[in-house]
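This report refers to the structure that appears directly beneath it.
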Amino acid sequence: MKKLLILLSVLAVSSSCIQAKDYVKTQIKEMKHAQKYATTKNVLQNTTQTYTPSVISLVNVKDPHIMRFGDYEKIPKAKYDAKIKKDEVKYEEYAVQLGKKHSKYYTTQADAEDFYKVYRVAEKIIRANKLDYMNWRICLKKSVDNVNASSDGSNLVVLTTAIFDTFNNNDDALAMVIGHEMGHALLGHYKRSNQLYVKMQREHALAQTGNSFAALAYAGMKKKFIIDAKNMEYAADTEGAKLVLKAGYSLNSGSDVLSFLSQYDLDSDMRNTHPNSAKRLENLKENSKLFPKEWKEAGEYNIYNSEVLPVKLSSDRKSIVISVPQNKLQPNKYYAPETMNELYARLGYMYYKNGQFEKSLEYFGELFKIDSNNASAYLYASYAGEYLYKNTGNAKYLNLAKDYAKKAYSLDSTNKYMKEQVDNL
Ligand SMILES: [Zn+2]
């Protein structure tokens, strides 16, 4: 979320012209620039990069809902609401505690209310995604002019008060910022870029001694470093969006962060480590189209089955610590991102749901190369083949559909949908 600070050095030129300056003409010229650069209008409004919520299926395809997206059960609404109500009582206790402790340090700290707000958003993300195996720290760093956030690769997320205040009436956007930074940390981005950076510096030092091989290697690594950095931003946006979707936040209003940041965008070549916001929005749009709505249910299941996490001010009083009961702390545990099996199965299924049957078959094909035991995936691949056959009349799709249906049936002969599809074809 870094923005570039542009320092404009204004040179005062004393004009020795005899002719008087035409201030109206200057104003006309300036207004022409304003048409292009004004930040008060939505800079993305004339592009295709507006975000549309996408967890709804675009086409009506048959779906017996037997694809699994994690270990969870759907919690009935009444039960879930009752649990949330119970949790609210606990939250009230922590709100009071946070406020009391805060008063002693009033002059140097962000307001207790602000700490409480980030606590609620972060805590929900942590519980919905089962990240409650370590303590998380959230810092509100005083800054008037730096709309920014960062994380350090461990369990610390830093929001400047500038970014917090900018989005303080939009929990979805705050969730998106926190989710993005957690995403960087959980996906090991700091380790990855540090490793390359250390290697790069070594080659740079060698190159300085006149070693031309090292100079070449350094140039190559530098290029890779920048490409990697940009790809990691896309990945953190996508992972962050998963985290916040599971926590029940809206990706639609959450993406306001990127729309807002787009006013700082320069030509993408001028920004080294971050892609421009229009591209980031496009990435978010493409990838979240492939998020199953079941993820929200999985998040509710995790919240339902966990307890409110205590919060306190950190020892240095500059951040909050969302702490995990000692018996739940697992210092050796690492975040488990989606496995390749899960990823391919999801892509195959979601492309199917979106009516992109060829893409669906492409990713199911990738899945079957590494996992030939997913009966549900074979069934949906068979459906995709069937629709493609209907749309194109090409017999190869019908044969594929038949093969996949047989495979599904052989893996799970007790499932009525497998039998139905074999008979149907
Ligand atoms: Zn980032």
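Starting from 1 in every chain, residues are counted up; chains themselves are A, B, ... following the order of the structure tokens, and ligands are numbered from 1 as listed.
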
To check your reading of the model: which residues sit at most 12 Å from ligand 1 when counting only C-alpha atoms and all ligand atoms? Write the answer as a ChimeraX atom specification. /A:1-3,148-153,157-158,176-185,187,189-190,228-240,258,273-277,280

Selection from above, C-alpha atoms, as a short mmCIF file (atom, residue, chain, number, x, y, z; two decimals), in the first residue's frame, can you write it?
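File selection11.cif, as written:
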```cif
data_model
loop_
_atom_site.label_atom_id
_atom_site.label_comp_id
_atom_site.auth_asym_id
_atom_site.auth_seq_id
_atom_site.Cartn_x
_atom_site.Cartn_y
_atom_site.Cartn_z
CA MET A 1 0.00 0.00 0.00
CA LYS A 2 2.96 2.21 -0.41
CA LYS A 3 2.52 5.41 -2.20
CA ASN A 148 -0.07 3.32 4.21
CA ALA A 149 0.12 -0.05 5.90
CA SER A 150 2.85 -2.64 6.31
CA SER A 151 3.70 -5.89 8.01
CA ASP A 152 7.01 -7.40 8.99
CA GLY A 153 6.69 -11.05 8.10
CA VAL A 157 0.45 -5.45 11.08
CA VAL A 158 1.02 -1.72 11.02
CA MET A 176 -9.05 -5.44 3.25
CA VAL A 177 -5.98 -3.49 4.43
CA ILE A 178 -5.41 -5.80 7.40
CA GLY A 179 -6.11 -8.90 5.28
CA HIS A 180 -3.61 -7.79 2.63
CA GLU A 181 -0.85 -7.30 5.21
CA MET A 182 -1.64 -10.60 6.94
CA GLY A 183 -1.56 -12.17 3.47
CA HIS A 184 2.03 -10.99 2.93
CA ALA A 185 3.06 -12.41 6.29
CA LEU A 187 2.45 -16.43 2.43
CA HIS A 189 6.67 -12.95 1.19
CA TYR A 190 9.28 -11.36 3.44
CA ASP A 228 8.42 -10.91 -7.96
CA ALA A 229 7.56 -7.93 -5.79
CA LYS A 230 4.64 -7.01 -8.05
CA ASN A 231 3.36 -10.58 -8.20
CA MET A 232 3.51 -10.77 -4.42
CA GLU A 233 1.26 -7.70 -4.24
CA TYR A 234 -1.32 -9.44 -6.42
CA ALA A 235 -1.01 -12.57 -4.27
CA ALA A 236 -1.44 -10.59 -1.02
CA ASP A 237 -4.52 -8.88 -2.46
CA THR A 238 -6.04 -12.23 -3.44
CA GLU A 239 -5.13 -14.00 -0.19
CA GLY A 240 -6.31 -10.98 1.79
CA LEU A 258 -7.70 0.32 -4.22
CA THR A 273 7.51 -2.76 -6.27
CA HIS A 274 3.76 -2.15 -6.54
CA PRO A 275 1.53 -2.60 -9.59
CA ASN A 276 -0.86 0.25 -10.19
CA SER A 277 -4.24 0.14 -8.53
CA ARG A 280 -4.70 -4.61 -8.74
#
```

What parts of stretch 212-410 of chain A does DSSP call strand (DSSP E or B)? I'd like the answer as JSON, numbers by chain. {"A": [311, 312, 313, 319, 320, 321, 322]}

Any chance you can output those residues with C-alpha atoms as a CSV table (one decimal), in the first residue's frame?
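The resulting file, selection.csv, is reproduced below:
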```
chain,number,residue,atom,x,y,z
A,311,VAL,CA,-7.0,-7.9,23.6
A,312,LYS,CA,-4.6,-5.7,25.5
A,313,LEU,CA,-2.3,-2.9,24.9
A,319,SER,CA,0.0,-1.4,19.5
A,320,ILE,CA,-2.6,-3.9,20.6
A,321,VAL,CA,-2.0,-7.6,21.2
A,322,ILE,CA,-4.7,-10.0,20.2
```

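The residue set within 9 Å of A:Ala408, counting only C-alpha atoms and dropping same-chain residues fewer than 2 places from it, reads A:Asn373, A:Asn374, A:Ala375, A:Ser376, A:Ala377, A:Tyr378, A:Leu379, A:Ser382, A:Asp403, A:Tyr404, A:Ala405, A:Lys406, A:Ser410, A:Leu411, A:Asp412, A:Ser413, A:Met418, A:Lys419, A:Val422.
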
Let's have the selection written as an mmCIF file, in the first residue's frame, with N, CA and C atoms.
```cif
data_model
loop_
_atom_site.group_PDB
_atom_site.id
_atom_site.type_symbol
_atom_site.label_atom_id
_atom_site.label_comp_id
_atom_site.auth_asym_id
_atom_site.auth_seq_id
_atom_site.Cartn_x
_atom_site.Cartn_y
_atom_site.Cartn_z
ATOM 1 N N ASN A 373 -8.424 -39.204 -7.332
ATOM 2 C CA ASN A 373 -9.387 -39.775 -6.387
ATOM 3 C C ASN A 373 -10.540 -38.855 -6.012
ATOM 4 N N ASN A 374 -10.612 -37.687 -6.656
ATOM 5 C CA ASN A 374 -11.648 -36.733 -6.285
ATOM 6 C C ASN A 374 -12.914 -36.994 -7.107
ATOM 7 N N ALA A 375 -13.809 -37.796 -6.535
ATOM 8 C CA ALA A 375 -15.023 -38.217 -7.251
ATOM 9 C C ALA A 375 -15.883 -37.022 -7.669
ATOM 10 N N SER A 376 -16.059 -36.069 -6.757
ATOM 11 C CA SER A 376 -16.893 -34.902 -7.070
ATOM 12 C C SER A 376 -16.325 -34.131 -8.251
ATOM 13 N N ALA A 377 -14.986 -33.972 -8.268
ATOM 14 C CA ALA A 377 -14.353 -33.227 -9.363
ATOM 15 C C ALA A 377 -14.625 -33.926 -10.695
ATOM 16 N N TYR A 378 -14.565 -35.271 -10.712
ATOM 17 C CA TYR A 378 -14.853 -36.001 -11.950
ATOM 18 C C TYR A 378 -16.300 -35.772 -12.391
ATOM 19 N N LEU A 379 -17.204 -35.709 -11.417
ATOM 20 C CA LEU A 379 -18.609 -35.487 -11.769
ATOM 21 C C LEU A 379 -18.799 -34.115 -12.430
ATOM 22 N N SER A 382 -17.448 -33.962 -15.792
ATOM 23 C CA SER A 382 -18.372 -34.622 -16.712
ATOM 24 C C SER A 382 -19.501 -33.672 -17.126
ATOM 25 N N ASP A 403 -16.382 -40.580 -19.995
ATOM 26 C CA ASP A 403 -15.236 -41.105 -19.240
ATOM 27 C C ASP A 403 -15.220 -40.582 -17.806
ATOM 28 N N TYR A 404 -15.416 -39.275 -17.686
ATOM 29 C CA TYR A 404 -15.376 -38.657 -16.350
ATOM 30 C C TYR A 404 -16.520 -39.165 -15.467
ATOM 31 N N ALA A 405 -17.696 -39.366 -16.072
ATOM 32 C CA ALA A 405 -18.836 -39.862 -15.296
ATOM 33 C C ALA A 405 -18.554 -41.272 -14.773
ATOM 34 N N LYS A 406 -17.967 -42.107 -15.654
ATOM 35 C CA LYS A 406 -17.626 -43.478 -15.245
ATOM 36 C C LYS A 406 -16.611 -43.469 -14.114
ATOM 37 N N SER A 410 -17.038 -44.962 -10.441
ATOM 38 C CA SER A 410 -16.169 -46.018 -9.920
ATOM 39 C C SER A 410 -15.563 -45.611 -8.565
ATOM 40 N N LEU A 411 -15.399 -44.315 -8.362
ATOM 41 C CA LEU A 411 -14.827 -43.853 -7.089
ATOM 42 C C LEU A 411 -15.880 -43.784 -5.985
ATOM 43 N N ASP A 412 -17.132 -43.536 -6.376
ATOM 44 C CA ASP A 412 -18.181 -43.374 -5.368
ATOM 45 C C ASP A 412 -19.510 -43.902 -5.921
ATOM 46 N N SER A 413 -19.642 -45.226 -5.877
ATOM 47 C CA SER A 413 -20.809 -45.843 -6.508
ATOM 48 C C SER A 413 -22.063 -45.705 -5.662
ATOM 49 N N MET A 418 -23.661 -39.640 -9.211
ATOM 50 C CA MET A 418 -22.697 -40.301 -10.100
ATOM 51 C C MET A 418 -23.446 -41.273 -11.023
ATOM 52 N N LYS A 419 -24.350 -42.028 -10.400
ATOM 53 C CA LYS A 419 -25.154 -43.024 -11.141
ATOM 54 C C LYS A 419 -26.004 -42.314 -12.185
ATOM 55 N N VAL A 422 -24.010 -41.173 -15.214
ATOM 56 C CA VAL A 422 -23.630 -42.293 -16.095
ATOM 57 C C VAL A 422 -24.844 -42.686 -16.946
#
```

Taking the backbone alone, and naming residues the way the document does, which bits of stretch 143-340 of chain A are alpha helix (DSSP H) by DSSP, as a VMD selection string? chain A and resid 161 to 166 171 to 186 189 to 208 212 to 246 251 to 254 256 to 261 277 to 288 294 to 304 340
